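> my_file09.txt is reproduced in full below (compact mmCIF, C-alpha atoms and all ligand atoms).
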# COMPACT_ATOMS: atom_id res chain seq x y z
CA MET A 1 -54.17 -60.60 -153.43
CA SER A 2 -55.20 -58.66 -156.52
CA LEU A 3 -56.88 -60.26 -159.51
CA ALA A 4 -53.78 -59.43 -161.54
CA ALA A 5 -51.69 -61.51 -159.14
CA GLN A 6 -54.17 -64.39 -159.35
CA LYS A 7 -53.98 -64.28 -163.15
CA ALA A 8 -50.19 -64.24 -162.99
CA ARG A 9 -50.21 -67.29 -160.71
CA ALA A 10 -52.44 -69.19 -163.14
CA ALA A 11 -50.31 -68.17 -166.11
CA GLN A 12 -47.13 -69.23 -164.33
CA ALA A 13 -48.60 -72.66 -163.56
CA ALA A 14 -49.61 -73.06 -167.21
CA LEU A 15 -45.93 -73.06 -168.16
CA GLU A 16 -45.84 -76.58 -166.70
CA PHE A 17 -47.94 -77.66 -169.69
CA GLY A 18 -45.28 -76.38 -172.07
CA GLU A 19 -42.38 -78.48 -173.30
CA SER A 20 -39.55 -77.74 -175.67
CA HIS A 21 -40.31 -78.26 -179.38
CA MET A 22 -44.03 -77.77 -178.84
CA THR A 23 -46.38 -75.70 -180.94
CA THR A 24 -48.54 -73.70 -178.55
CA GLY A 25 -51.83 -71.94 -179.22
CA LEU A 26 -51.60 -68.51 -177.63
CA GLY A 27 -54.94 -67.28 -176.29
CA SER A 28 -56.13 -63.71 -175.93
CA GLY A 29 -56.90 -61.45 -173.00
CA SER A 30 -54.96 -60.25 -169.99
CA THR A 31 -54.26 -63.70 -168.48
CA ALA A 32 -53.15 -65.16 -171.80
CA ASP A 33 -50.93 -62.10 -172.32
CA ILE A 34 -49.16 -62.83 -169.03
CA PHE A 35 -48.65 -66.43 -170.14
CA VAL A 36 -47.15 -65.27 -173.45
CA ARG A 37 -44.71 -62.97 -171.66
CA LEU A 38 -43.71 -65.78 -169.26
CA LEU A 39 -43.25 -68.10 -172.22
CA GLY A 40 -40.98 -65.50 -173.82
CA ALA A 41 -38.95 -65.30 -170.60
CA ALA A 42 -38.67 -69.11 -170.43
CA LEU A 43 -37.36 -69.17 -174.00
CA GLU A 44 -34.91 -66.41 -173.25
CA ASN A 45 -33.49 -68.05 -170.13
CA GLY A 46 -33.30 -71.47 -171.79
CA ALA A 47 -35.90 -73.22 -169.62
CA LEU A 48 -37.69 -74.01 -172.89
CA GLU A 49 -36.41 -74.13 -176.45
CA ASN A 50 -37.80 -74.28 -179.93
CA VAL A 51 -41.38 -73.45 -178.94
CA LYS A 52 -43.56 -71.90 -181.62
CA GLY A 53 -46.73 -69.95 -180.95
CA VAL A 54 -49.94 -69.73 -182.94
CA PRO A 55 -51.67 -66.51 -181.86
CA THR A 56 -55.46 -66.22 -181.56
CA SER A 57 -55.56 -62.47 -182.19
CA GLU A 58 -53.57 -59.64 -183.70
CA ASN A 59 -53.03 -58.29 -180.20
CA THR A 60 -51.60 -61.59 -178.96
CA ALA A 61 -49.31 -61.71 -182.01
CA ARG A 62 -48.01 -58.27 -181.05
CA VAL A 63 -47.46 -59.32 -177.41
CA ALA A 64 -45.68 -62.49 -178.56
CA ARG A 65 -43.35 -60.54 -180.86
CA GLU A 66 -42.51 -58.16 -178.01
CA ALA A 67 -41.87 -61.13 -175.71
CA GLY A 68 -39.65 -62.94 -178.22
CA VAL A 69 -41.97 -65.90 -178.79
CA PRO A 70 -41.49 -67.17 -182.38
CA LEU A 71 -44.78 -67.38 -184.25
CA ILE A 72 -46.00 -69.57 -187.06
CA ALA A 73 -49.05 -68.96 -189.20
CA VAL A 74 -51.96 -71.16 -188.26
CA ASP A 75 -51.95 -72.81 -191.67
CA GLN A 76 -48.27 -73.74 -191.25
CA ALA A 77 -48.90 -75.57 -187.98
CA ALA A 78 -49.07 -79.28 -188.74
CA ARG A 79 -50.11 -79.89 -185.13
CA ILE A 80 -50.89 -77.69 -182.12
CA ASN A 81 -49.86 -79.52 -178.98
CA VAL A 82 -51.51 -77.30 -176.40
CA ALA A 83 -53.56 -74.10 -176.33
CA ILE A 84 -53.44 -71.84 -173.29
CA ASP A 85 -56.29 -69.34 -173.07
CA GLY A 86 -58.37 -67.35 -170.60
CA ALA A 87 -62.13 -67.38 -170.10
CA ASP A 88 -64.90 -65.12 -168.85
CA GLU A 89 -66.78 -67.91 -167.06
CA VAL A 90 -66.01 -71.56 -166.26
CA ASP A 91 -68.56 -73.96 -164.80
CA GLY A 92 -68.00 -77.23 -162.95
CA ARG A 93 -68.09 -79.22 -166.22
CA PHE A 94 -65.41 -76.96 -167.75
CA ARG A 95 -67.98 -75.32 -170.02
CA LEU A 96 -66.86 -71.78 -170.84
CA ILE A 97 -68.07 -68.39 -171.93
CA LYS A 98 -65.35 -66.62 -173.87
CA GLY A 99 -65.12 -63.61 -176.13
CA ALA A 100 -65.18 -60.51 -173.93
CA GLY A 101 -62.07 -59.51 -175.87
CA GLY A 102 -63.78 -60.21 -179.19
CA CYS A 103 -61.39 -62.99 -180.26
CA LEU A 104 -63.71 -65.95 -179.86
CA LEU A 105 -63.66 -67.20 -183.46
CA ARG A 106 -59.89 -67.60 -183.69
CA GLU A 107 -59.74 -68.80 -180.09
CA LYS A 108 -62.25 -71.54 -180.86
CA ILE A 109 -60.50 -72.61 -184.08
CA ILE A 110 -57.19 -72.94 -182.21
CA ALA A 111 -58.73 -74.60 -179.13
CA HIS A 112 -60.43 -77.24 -181.28
CA ALA A 113 -57.29 -77.82 -183.32
CA SER A 114 -55.16 -78.39 -180.21
CA ASP A 115 -54.40 -81.69 -178.57
CA LEU A 116 -55.16 -80.06 -175.21
CA MET A 117 -56.87 -76.83 -174.23
CA VAL A 118 -55.82 -75.41 -170.89
CA VAL A 119 -57.79 -72.51 -169.40
CA VAL A 120 -56.11 -69.96 -167.13
CA VAL A 121 -58.38 -67.88 -164.89
CA ASP A 122 -58.59 -66.02 -161.62
CA GLU A 123 -61.07 -67.42 -159.14
CA THR A 124 -63.80 -64.86 -159.97
CA LYS A 125 -64.36 -66.71 -163.26
CA LEU A 126 -65.66 -69.89 -161.61
CA VAL A 127 -69.47 -70.09 -161.69
CA GLU A 128 -72.15 -72.60 -160.89
CA THR A 129 -74.30 -71.65 -163.85
CA LEU A 130 -73.08 -69.91 -167.00
CA GLY A 131 -74.69 -66.67 -168.12
CA ALA A 132 -74.07 -63.91 -165.59
CA THR A 133 -71.65 -62.30 -168.04
CA ASP A 134 -72.73 -61.43 -171.56
CA LEU A 135 -72.56 -64.18 -174.16
CA PRO A 136 -70.73 -62.76 -177.21
CA VAL A 137 -71.87 -63.89 -180.65
CA GLU A 138 -69.72 -63.04 -183.67
CA VAL A 139 -71.86 -62.23 -186.72
CA ASP A 140 -71.44 -61.15 -190.30
CA PRO A 141 -72.14 -57.40 -190.66
CA PHE A 142 -74.51 -58.14 -193.56
CA GLY A 143 -78.03 -58.28 -192.14
CA PHE A 144 -76.86 -58.15 -188.55
CA THR A 145 -80.20 -56.74 -187.29
CA ILE A 146 -81.98 -59.75 -188.83
CA THR A 147 -79.38 -62.02 -187.22
CA ALA A 148 -79.87 -60.24 -183.89
CA GLY A 149 -83.61 -60.98 -184.05
CA LYS A 150 -82.92 -64.65 -184.77
CA ILE A 151 -80.48 -64.78 -181.84
CA TYR A 152 -83.15 -63.30 -179.56
CA GLU A 153 -85.59 -66.01 -180.70
CA ALA A 154 -82.96 -68.74 -180.22
CA LEU A 155 -82.23 -67.57 -176.69
CA THR A 156 -85.88 -67.34 -175.65
CA ALA A 157 -86.54 -70.77 -177.19
CA SER A 158 -83.69 -72.05 -174.99
CA GLY A 159 -85.30 -70.75 -171.81
CA VAL A 160 -83.67 -67.33 -171.48
CA THR A 161 -86.12 -64.71 -170.22
CA ARG A 162 -86.02 -61.40 -172.14
CA PRO A 163 -82.41 -61.54 -173.34
CA ASP A 164 -80.82 -58.23 -174.26
CA VAL A 165 -78.95 -58.51 -177.58
CA ARG A 166 -76.72 -55.49 -178.22
CA LEU A 167 -74.21 -54.57 -180.91
CA ARG A 168 -70.78 -54.11 -179.33
CA SER A 169 -69.50 -50.63 -180.10
CA TYR A 170 -66.91 -48.10 -179.09
CA GLY A 171 -67.49 -45.12 -176.79
CA ASP A 172 -70.66 -43.30 -177.79
CA GLY A 173 -71.92 -46.26 -179.77
CA ALA A 174 -71.27 -44.70 -183.17
CA ASN A 175 -68.65 -47.24 -184.26
CA PRO A 176 -69.22 -50.98 -184.12
CA PHE A 177 -66.43 -53.10 -182.71
CA ILE A 178 -64.85 -55.04 -185.59
CA THR A 179 -63.18 -58.38 -184.90
CA ASP A 180 -59.85 -59.43 -186.41
CA GLY A 181 -61.90 -61.37 -188.95
CA GLY A 182 -63.95 -58.29 -189.94
CA HIS A 183 -67.14 -59.28 -188.15
CA TYR A 184 -69.44 -57.65 -185.58
CA ILE A 185 -70.07 -58.86 -182.04
CA LEU A 186 -73.56 -59.07 -180.57
CA ASP A 187 -73.34 -59.22 -176.78
CA CYS A 188 -76.24 -61.13 -175.27
CA ALA A 189 -77.19 -60.46 -171.65
CA CYS A 190 -78.94 -63.65 -170.57
CA GLN A 191 -78.51 -63.67 -166.75
CA ARG A 192 -78.59 -67.46 -166.74
CA LEU A 193 -78.04 -70.21 -169.31
CA SER A 194 -79.68 -73.31 -167.89
CA ASP A 195 -79.05 -75.34 -171.07
CA PRO A 196 -75.86 -74.12 -172.79
CA GLU A 197 -75.86 -77.04 -175.27
CA ALA A 198 -79.34 -76.08 -176.54
CA VAL A 199 -78.27 -72.43 -176.84
CA ALA A 200 -75.12 -73.42 -178.74
CA ALA A 201 -77.03 -75.67 -181.15
CA ARG A 202 -79.64 -72.99 -181.89
CA LEU A 203 -77.08 -70.22 -182.37
CA THR A 204 -74.96 -72.34 -184.70
CA ALA A 205 -78.00 -72.96 -186.92
CA ILE A 206 -78.58 -69.23 -187.61
CA PRO A 207 -77.31 -67.90 -190.95
CA GLY A 208 -75.16 -64.88 -190.20
CA VAL A 209 -73.79 -66.27 -186.95
CA VAL A 210 -70.09 -66.84 -187.50
CA GLU A 211 -69.36 -68.24 -184.02
CA HIS A 212 -70.57 -67.96 -180.44
CA GLY A 213 -68.70 -67.71 -177.17
CA LEU A 214 -69.85 -70.99 -175.65
CA PHE A 215 -66.93 -73.40 -175.51
CA LEU A 216 -68.48 -76.72 -174.56
CA ASN A 217 -66.55 -79.96 -174.33
CA THR A 218 -63.36 -78.12 -175.28
CA ALA A 219 -61.25 -77.43 -172.16
CA ARG A 220 -59.56 -80.40 -170.50
CA ALA A 221 -57.72 -78.54 -167.74
CA VAL A 222 -58.47 -75.36 -165.81
CA ILE A 223 -55.82 -73.52 -163.81
CA VAL A 224 -57.28 -71.23 -161.17
CA GLY A 225 -55.13 -68.56 -159.56
CA GLU A 226 -56.28 -68.12 -155.96
CA GLU A 227 -55.49 -65.89 -152.99
CA GLU A 228 -52.69 -68.04 -151.61
CA ASP A 229 -52.32 -70.81 -154.12
CA VAL A 230 -52.97 -72.13 -157.56
CA CYS A 231 -55.29 -75.00 -158.34
CA VAL A 232 -54.97 -77.25 -161.41
CA LEU A 233 -58.24 -78.98 -162.22
CA ARG A 234 -58.52 -81.73 -164.83
CA LEU A 235 -61.54 -83.40 -166.30
C1 LIG B 1 -60.99 -62.93 -175.30
C2 LIG B 1 -61.27 -63.94 -174.25
C3 LIG B 1 -60.46 -63.87 -173.00
O1 LIG B 1 -59.71 -65.03 -172.88
C4 LIG B 1 -61.39 -63.69 -171.82
O2 LIG B 1 -62.14 -62.51 -172.03
C5 LIG B 1 -60.63 -63.60 -170.50
O3 LIG B 1 -59.86 -62.43 -170.47
P1 LIG B 1 -58.99 -62.03 -169.19
O4 LIG B 1 -57.91 -63.04 -169.04
O5 LIG B 1 -58.48 -60.65 -169.55
O6 LIG B 1 -59.92 -61.97 -168.00
O7 LIG B 1 -62.10 -64.81 -174.39
O8 LIG B 1 -61.85 -63.08 -176.42
Would you write the structure of this file as structure tokens?

Amino acid sequence: MSLAAQKARAAQAALEFGESHMTTGLGSGSTADIFVRLLGAALENGALENVKGVPTSENTARVAREAGVPLIAVDQAARINVAIDGADEVDGRFRLIKGAGGCLLREKIIAHASDLMVVVVDETKLVETLGATDLPVEVDPFGFTITAGKIYEALTASGVTRPDVRLRSYGDGANPFITDGGHYILDCACQRLSDPEAVAARLTAIPGVVEHGLFLNTARAVIVGEEEDVCVLRL
């Protein structure tokens, strides 16, 4: 089965977490996009009604509009019942790396504001130890080279050997990637994060760091699309 089919399986199973009259945080990325389209279909065929979405990115807002999912602005949402979002890595304690799509700040705000965060992934995202994929860190453009140096120091102090901290950019590297919030992303190749909590604490303490892609103690359920099946894991 292709990864796309695994993602679709996970997204389909996530619909079970949706109920009529709920406000739902809509994550970003290809798996979350599938969920949003399925949610739109469920609203259209009457399986669900009166669901409102709070998007975590401009792209997700566009997908939701196309799919017919009514949106409300985050500041109009008195309560977010559930957030459904993808991840780049998930470990056995449901600790996540997110942000390959550059939406980690809004994703984290919505995940933390939700009563329940549900992660939808294909099985390649499950890892024993976080860190094989880059850890994205969203930073203010002002002084970003200074911030990058501080991030390098924070990572080495947390046991990462020679991390590679790079500005995310387009194509030939001439244009920095700009997040929906107007920030830069520094992608940190770490290979292995043996103490994600220490990394998170050190990154958070750096002026210029807006947010980092470690989601610790946030997800309460992980839905894994597999070859033949789908697996719903709960903490
Ligand atoms: C975007 C994210 C995505 O949720 C993450 O990158 C997973 O994406 P996909 O479902 O396309 O594999 O964190 O910032």
> Smallest atom-to-atom distance to Thr24 in chain A: which of A:Ser2, A:Thr60, A:Thr156, A:Asn81, using all atoms listed in the file?
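The answer is A:Asn81, which sits nearest to Thr24 in chain A.
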> Extract, using all atoms listed in the file, all DNA, RNA and protein residues at most 10 Å from Ala47 in chain A, discarding same-chain residues fewer than 6 positions from it, and format them as a PDB file with C-alpha atoms, in the coordinates of the input.

ATOM      1  CA  GLU A  19     -42.380 -78.480-173.300  1.00  0.00           C
ATOM      2  CA  SER A  20     -39.550 -77.740-175.670  1.00  0.00           C
ATOM      3  CA  LEU A  39     -43.250 -68.100-172.220  1.00  0.00           C
ATOM      4  CA  ALA A  41     -38.950 -65.300-170.600  1.00  0.00           C
TER       5      ALA A  41
END
> Smallest atom-to-atom distance to ligand LIG 1 (chain B): which of A:Glu107, A:Asp172, A:Glu227, A:Glu66, using all atoms listed in the file?
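Ranking A:Glu107, A:Asp172, A:Glu227, A:Glu66 by distance to ligand LIG 1 (chain B), first place goes to A:Glu107.
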> What gap, in Å, lies between CA of Ala219 in chain A and CA of Ile97 in chain A?
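Separating CA of Ala219 in chain A from CA of Ile97 in chain A is a distance of 11.3 Å.
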> Counting all atoms listed in the file, figure out which residue out of A:Ala111, A:Ala100, A:Leu43, A:Ile206 gets nearest to ligand LIG 1 (chain B).
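Under the stated criterion, the closest residue is A:Ala100.
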> Have a look at CA of Leu186 in chain A and CA of Val90 in chain A and let me know their distance in Å, one decimal.
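Interatomic distance, CA of Leu186 in chain A to CA of Val90 in chain A: 20.4 Å.
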> Would you list the residues that come within 6 Å of ligand LIG 1 (chain B)? Count only C-alpha atoms and all ligand atoms and give the answer as a ChimeraX atom specification.
/A:28-32,85-88,98-104
> Please compute the CA of Gly225 in chain A-CA of Arg95 in chain A distance, one decimal, in Å.
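Distance between the two atoms: 17.9 Å.
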> Hey, which of A:Gly143, A:Gly53, A:Gly181, A:Pro207 ends up closest to Met22 in chain A? Count all atoms listed in the file.
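Nearest candidate to Met22 in chain A out of A:Gly143, A:Gly53, A:Gly181, A:Pro207: A:Gly53.
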> Point out the residue among A:Ile109, A:Val119, A:Glu44, A:Ala4 with the least atom-to-atom distance to Cys231 in chain A, counting all atoms listed in the file.
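Once distances to Cys231 in chain A are computed over all atoms listed in the file, the minimum belongs to A:Val119.
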> Using all atoms listed in the file, can you tell me which of A:Leu38, A:Cys190, A:Ala132, A:Leu126 comes closest to Arg93 in chain A?
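Looking only at the distances to Arg93 in chain A, the closest residue turns out to be A:Leu126.
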> Name the residues, using the chain letters and numbers of the file, that sit within 6 Å of (-71.5, -65.4, -178.3) when counting all atoms listed in the file, and give them as a list in words.
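The answer, in the requested form, is Leu135, Pro136, Val137, His212 and Gly213 of chain A.
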> Please provide the set of residues having any atom within 7 Å of Glu138 in chain A, restricted to all atoms listed in the file, with same-chain residues fewer than 6 positions apart removed, written as a count of residues only.
8
> Any chance you could tabulate, as a Markdown table, the residues of range 142-164 of chain A at most 10 Å from range 199-203 of chain A with each one's nearest atom pair and distance in Å to one decimal, using all atoms listed in the file, in chain and rising number order?

| residue | atom | partner | partner_atom | distance |
| --- | --- | --- | --- | --- |
| A:Thr147 | CA | A:Leu203 | CA | 9.8 |
| A:Lys150 | CA | A:Leu203 | CA | 8.4 |
| A:Ile151 | CA | A:Leu203 | CA | 6.4 |
| A:Tyr152 | CA | A:Leu203 | CA | 9.6 |
| A:Glu153 | CA | A:Arg202 | CA | 9.2 |
| A:Ala154 | CA | A:Arg202 | CA | 5.6 |
| A:Leu155 | CA | A:Val199 | CA | 6.3 |
| A:Thr156 | CA | A:Val199 | CA | 9.2 |
| A:Ala157 | CA | A:Val199 | CA | 8.4 |
| A:Ser158 | CA | A:Val199 | CA | 5.7 |
| A:Gly159 | CA | A:Val199 | CA | 8.8 |
| A:Val160 | CA | A:Val199 | CA | 9.2 |
> Need the shell around Met117 in chain A: protein/DNA/RNA residues with any atom at most 7 Å away, counting only C-alpha atoms. Skip same-chain ones fewer than 5 positions apart. Format as a compact mmCIF listing (two decimals) with C-alpha atoms, in the frame of the given file?

# COMPACT_ATOMS: atom_id res chain seq x y z
CA VAL A 82 -51.51 -77.30 -176.40
CA ALA A 83 -53.56 -74.10 -176.33
CA ILE A 84 -53.44 -71.84 -173.29
CA ALA A 111 -58.73 -74.60 -179.13
CA THR A 218 -63.36 -78.12 -175.28
CA ALA A 219 -61.25 -77.43 -172.16
CA ARG A 220 -59.56 -80.40 -170.50
CA ALA A 221 -57.72 -78.54 -167.74
> Write out as a count of residues only each polymer residue whose atoms come within 10 Å of Arg192 in chain A, counting all atoms listed in the file; drop sequence neighbours fewer than 6 positions from it.
10
> So which residues are close to (-58.1, -72.7, -165.0), meaning at most 7 Å away in the file's coordinates with all atoms listed in the file counted, and can you show them as a PyMOL selection string?
chain A and resi 10+118-121+221-224+232-233
> Would you save the residues from that selection as a PDB file, keeping the file's coordinate frame, using C-alpha atoms?

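As written to disk, out18.pdb reads:
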ATOM      1  CA  ALA A  10     -52.440 -69.190-163.140  1.00  0.00           C
ATOM      2  CA  VAL A 118     -55.820 -75.410-170.890  1.00  0.00           C
ATOM      3  CA  VAL A 119     -57.790 -72.510-169.400  1.00  0.00           C
ATOM      4  CA  VAL A 120     -56.110 -69.960-167.130  1.00  0.00           C
ATOM      5  CA  VAL A 121     -58.380 -67.880-164.890  1.00  0.00           C
ATOM      6  CA  ALA A 221     -57.720 -78.540-167.740  1.00  0.00           C
ATOM      7  CA  VAL A 222     -58.470 -75.360-165.810  1.00  0.00           C
ATOM      8  CA  ILE A 223     -55.820 -73.520-163.810  1.00  0.00           C
ATOM      9  CA  VAL A 224     -57.280 -71.230-161.170  1.00  0.00           C
ATOM     10  CA  VAL A 232     -54.970 -77.250-161.410  1.00  0.00           C
ATOM     11  CA  LEU A 233     -58.240 -78.980-162.220  1.00  0.00           C
TER      12      LEU A 233
END
> Quick one: 6 Å padding each side, axis-aligned, all listed atoms of range 58-66 of chain A - centre and edge lengths in Å to one decimal, as lines of an AutoDock Vina configuration file?

center_x = -48.0
center_y = -60.3
center_z = -180.6
size_x = 23.1
size_y = 16.3
size_z = 18.3
